[in-house]
Amino acid sequence: MPTPLRSVRFWLLTLGAVIGVAVTFSLGLWQWGRAHEKLALQAQLQARQALPALGQDTLRDAPRAPDLLHRTVILRGQWLAAQTVYLDNRQMQARVGFFVITPLRLSSGQAGVPDAVVLVQRGWVPRSFTDRQQLPAITTPPGEVTVTGRIAPAPSKLYAFEGADTGPIRQNLDLPAFRAETGLPLVEGSVQQTGAPSEGLLRDWPVPASSADKNYGYAFQWWALCGVIFLLYVWFQFIAPRRRPV
């Protein structure tokens with residue numbers, strides 16, 4: 001007959017095992033769901049990129065329309081090179097460097113059309129690790145240029161210390177704050193320039209599905225840990241006590 005102390009131990013271990021199994025199983029489900037979300041996003045991105053390219057007037061008329069995300073767009077305008085921002089600690093091809101963002105003032109070609117400026121994520125460039133304040137050498141063509149890209153949200157944000165979001169080298173770029181800082185009539189969102197490397201910039205942008213395999217791997221790891229917790233509980237609570245000599 002179990003003693004009261006042994007009974008308390010049994011139920012404490014049972015509670016711990018139930019919590020452990022529930023938590024690890026739920027984390028596995030969450031990682032599995034994240035993988036499916038990335039695959040669905042990648043399928044949506046590919047489907048929208050297959051549609052005909054949009055004109056830049058779309059950004060003036062409906063910059064926030066969710067069905068425009070990932071659509072190909074062709075822009076004509078002039079680079080505002082003085083307002084170029086270098087986002088630090090960004091990776092491409094497993095290397096750390098800058099995402100280069102330059103505002104592009106769109107050419108209207110029509111009288112009475114208000115100015116509009118769009119942030120263009122032009123590409124990635126490596127940084128100098130001997131002088132962390134050195135700006136990389138890139139080329140910004142003068143005059144009117146034509147840029148092909150896809151409509152994208154504003155660049156994702158990383159953790160930043162106070163004061164890290166000022167100057168040409170920044171950790172993040174907050175669009176409303178940058179609009180107030182520069183006085184530019186920035187449209188919502190941004191455009192991620194596509195195409196072959198040029199102007200000293202790479203454009204091998206990551207795709208959502210590229211990390212789905214990692215999420216699947218994490219899911220199986222959590223479920224494996226869940227199974228281990230369950231098997232250890234059954235062994236030590238039920239099987240091992242019966243194998244001990246009376």
# chains A, B, ... in the order shown; residues from 1 in each chain; ligands from 1
call {"tool": "residues_around", "arguments": {"residues": "Glu144 of chain A", "least_positions_apart": "4", "cutoff": "9 Å", "atoms": "only C-alpha atoms", "output": "list of chain:residue names"}}
result
A:Arg76, A:Gly77, A:Gln78, A:Trp79, A:Ser107
call {"tool": "write_last_selection", "arguments": {"atoms": "N, CA and C atoms", "output": "mmCIF file, in the first residue's frame"}}
result
data_model
loop_
_atom_site.group_PDB
_atom_site.id
_atom_site.type_symbol
_atom_site.label_atom_id
_atom_site.label_comp_id
_atom_site.auth_asym_id
_atom_site.auth_seq_id
_atom_site.Cartn_x
_atom_site.Cartn_y
_atom_site.Cartn_z
ATOM 1 N N ARG A 76 9.313 54.653 -62.346
ATOM 2 C CA ARG A 76 10.188 55.614 -63.006
ATOM 3 C C ARG A 76 10.339 56.819 -62.088
ATOM 4 N N GLY A 77 11.545 57.236 -61.892
ATOM 5 C CA GLY A 77 11.750 58.381 -61.010
ATOM 6 C C GLY A 77 13.214 58.693 -60.825
ATOM 7 N N GLN A 78 13.473 59.492 -59.799
ATOM 8 C CA GLN A 78 14.837 59.945 -59.533
ATOM 9 C C GLN A 78 15.210 59.583 -58.102
ATOM 10 N N TRP A 79 16.390 58.973 -57.954
ATOM 11 C CA TRP A 79 16.877 58.617 -56.632
ATOM 12 C C TRP A 79 17.166 59.865 -55.799
ATOM 13 N N SER A 107 8.212 59.897 -61.063
ATOM 14 C CA SER A 107 7.934 60.846 -62.133
ATOM 15 C C SER A 107 6.444 60.785 -62.457
#
call {"tool": "select_by_dssp", "arguments": {"residues": "segment 34-210 of chain A", "states": "alpha helix (DSSP H)", "output": "list of chain:residue names"}}
result
A:Arg34, A:Ala35, A:His36, A:Glu37, A:Lys38, A:Leu39, A:Ala40, A:Leu41, A:Gln42, A:Ala43, A:Gln44, A:Leu45, A:Gln46, A:Ala47, A:Arg48, A:Gln49, A:Asp57, A:Thr58, A:Leu59, A:Arg60, A:Asp61, A:Leu175, A:Pro176, A:Ala177, A:Phe178, A:Arg179, A:Ala180, A:Glu181, A:Thr182
call {"tool": "write_last_selection", "arguments": {"atoms": "C-alpha atoms", "output": "PDB file, in the first residue's frame"}}
result
ATOM      1  CA  ARG A  34       4.488  28.252 -38.941  1.00  0.00           C
ATOM      2  CA  ALA A  35       5.909  26.023 -41.675  1.00  0.00           C
ATOM      3  CA  HIS A  36       2.518  25.817 -43.386  1.00  0.00           C
ATOM      4  CA  GLU A  37       2.084  29.601 -43.109  1.00  0.00           C
ATOM      5  CA  LYS A  38       5.430  30.160 -44.849  1.00  0.00           C
ATOM      6  CA  LEU A  39       4.586  27.704 -47.616  1.00  0.00           C
ATOM      7  CA  ALA A  40       1.193  29.366 -48.130  1.00  0.00           C
ATOM      8  CA  LEU A  41       2.842  32.812 -48.214  1.00  0.00           C
ATOM      9  CA  GLN A  42       5.373  31.582 -50.757  1.00  0.00           C
ATOM     10  CA  ALA A  43       2.590  30.176 -52.950  1.00  0.00           C
ATOM     11  CA  GLN A  44       0.747  33.499 -52.718  1.00  0.00           C
ATOM     12  CA  LEU A  45       3.923  35.404 -53.568  1.00  0.00           C
ATOM     13  CA  GLN A  46       4.574  33.260 -56.653  1.00  0.00           C
ATOM     14  CA  ALA A  47       0.975  33.559 -57.830  1.00  0.00           C
ATOM     15  CA  ARG A  48       0.998  37.342 -57.534  1.00  0.00           C
ATOM     16  CA  GLN A  49       4.378  37.699 -59.193  1.00  0.00           C
ATOM     17  CA  ASP A  57       0.307  55.081 -60.204  1.00  0.00           C
ATOM     18  CA  THR A  58      -1.011  52.099 -58.250  1.00  0.00           C
ATOM     19  CA  LEU A  59       1.205  53.137 -55.346  1.00  0.00           C
ATOM     20  CA  ARG A  60      -0.326  56.612 -55.392  1.00  0.00           C
ATOM     21  CA  ASP A  61      -3.935  55.418 -55.562  1.00  0.00           C
ATOM     22  CA  LEU A 175       8.338  54.966 -41.968  1.00  0.00           C
ATOM     23  CA  PRO A 176       6.231  57.617 -40.144  1.00  0.00           C
ATOM     24  CA  ALA A 177       9.295  58.851 -38.246  1.00  0.00           C
ATOM     25  CA  PHE A 178      11.381  58.936 -41.448  1.00  0.00           C
ATOM     26  CA  ARG A 179       8.586  60.795 -43.228  1.00  0.00           C
ATOM     27  CA  ALA A 180       8.593  63.429 -40.469  1.00  0.00           C
ATOM     28  CA  GLU A 181      12.407  63.567 -40.399  1.00  0.00           C
ATOM     29  CA  THR A 182      12.847  64.120 -44.143  1.00  0.00           C
TER      30      THR A 182
END
call {"tool": "closest_atom_pairs", "arguments": {"of": "segment 117-144 of chain A", "to": "segment 193-202 of chain A", "cutoff": "9 Å", "atoms": "only C-alpha atoms", "output": "JSON lines"}}
result
{"residue": "A:Val120", "atom": "CA", "partner": "A:Gln193", "partner_atom": "CA", "distance": 6.5}
{"residue": "A:Gln121", "atom": "CA", "partner": "A:Gln193", "partner_atom": "CA", "distance": 5.9}
{"residue": "A:Arg122", "atom": "CA", "partner": "A:Gln193", "partner_atom": "CA", "distance": 5.1}
{"residue": "A:Gly123", "atom": "CA", "partner": "A:Leu201", "partner_atom": "CA", "distance": 5.2}
{"residue": "A:Trp124", "atom": "CA", "partner": "A:Leu202", "partner_atom": "CA", "distance": 5.1}
{"residue": "A:Val125", "atom": "CA", "partner": "A:Leu201", "partner_atom": "CA", "distance": 5.4}
{"residue": "A:Pro126", "atom": "CA", "partner": "A:Leu201", "partner_atom": "CA", "distance": 8.8}
{"residue": "A:Pro136", "atom": "CA", "partner": "A:Gly200", "partner_atom": "CA", "distance": 8.9}
{"residue": "A:Ala137", "atom": "CA", "partner": "A:Gly200", "partner_atom": "CA", "distance": 7.1}
{"residue": "A:Ile138", "atom": "CA", "partner": "A:Gly200", "partner_atom": "CA", "distance": 4.9}
{"residue": "A:Thr139", "atom": "CA", "partner": "A:Glu199", "partner_atom": "CA", "distance": 4.7}
{"residue": "A:Thr140", "atom": "CA", "partner": "A:Glu199", "partner_atom": "CA", "distance": 6.9}
{"residue": "A:Pro141", "atom": "CA", "partner": "A:Glu199", "partner_atom": "CA", "distance": 8.4}
call {"tool": "select_by_dssp", "arguments": {"residues": "segment 14-202 of chain A", "states": "strand (DSSP E)", "output": "count of residues only"}}
result
55
call {"tool": "closest_residue", "arguments": {"among": "A:Val234, A:Leu51, A:Cys226, A:Ile169", "to": "Leu69 of chain A", "atoms": "only C-alpha atoms"}}
result
A:Leu51
call {"tool": "closest_residue", "arguments": {"among": "A:Val8, A:Ala152, A:Val23, A:Val118", "to": "Trp223 of chain A", "atoms": "only C-alpha atoms"}}
result
A:Val23
call {"tool": "residues_around", "arguments": {"residues": "Leu80 of chain A", "least_positions_apart": "6", "cutoff": "10 Å", "atoms": "only C-alpha atoms", "output": "number ranges by chain"}}
result
A: 102-105, 117, 119, 140, 142
call {"tool": "atom_distance", "arguments": {"atom1": "atom CA of Ile19 of chain A", "atom2": "atom CA of Tyr233 of chain A"}}
result
11.9 Å
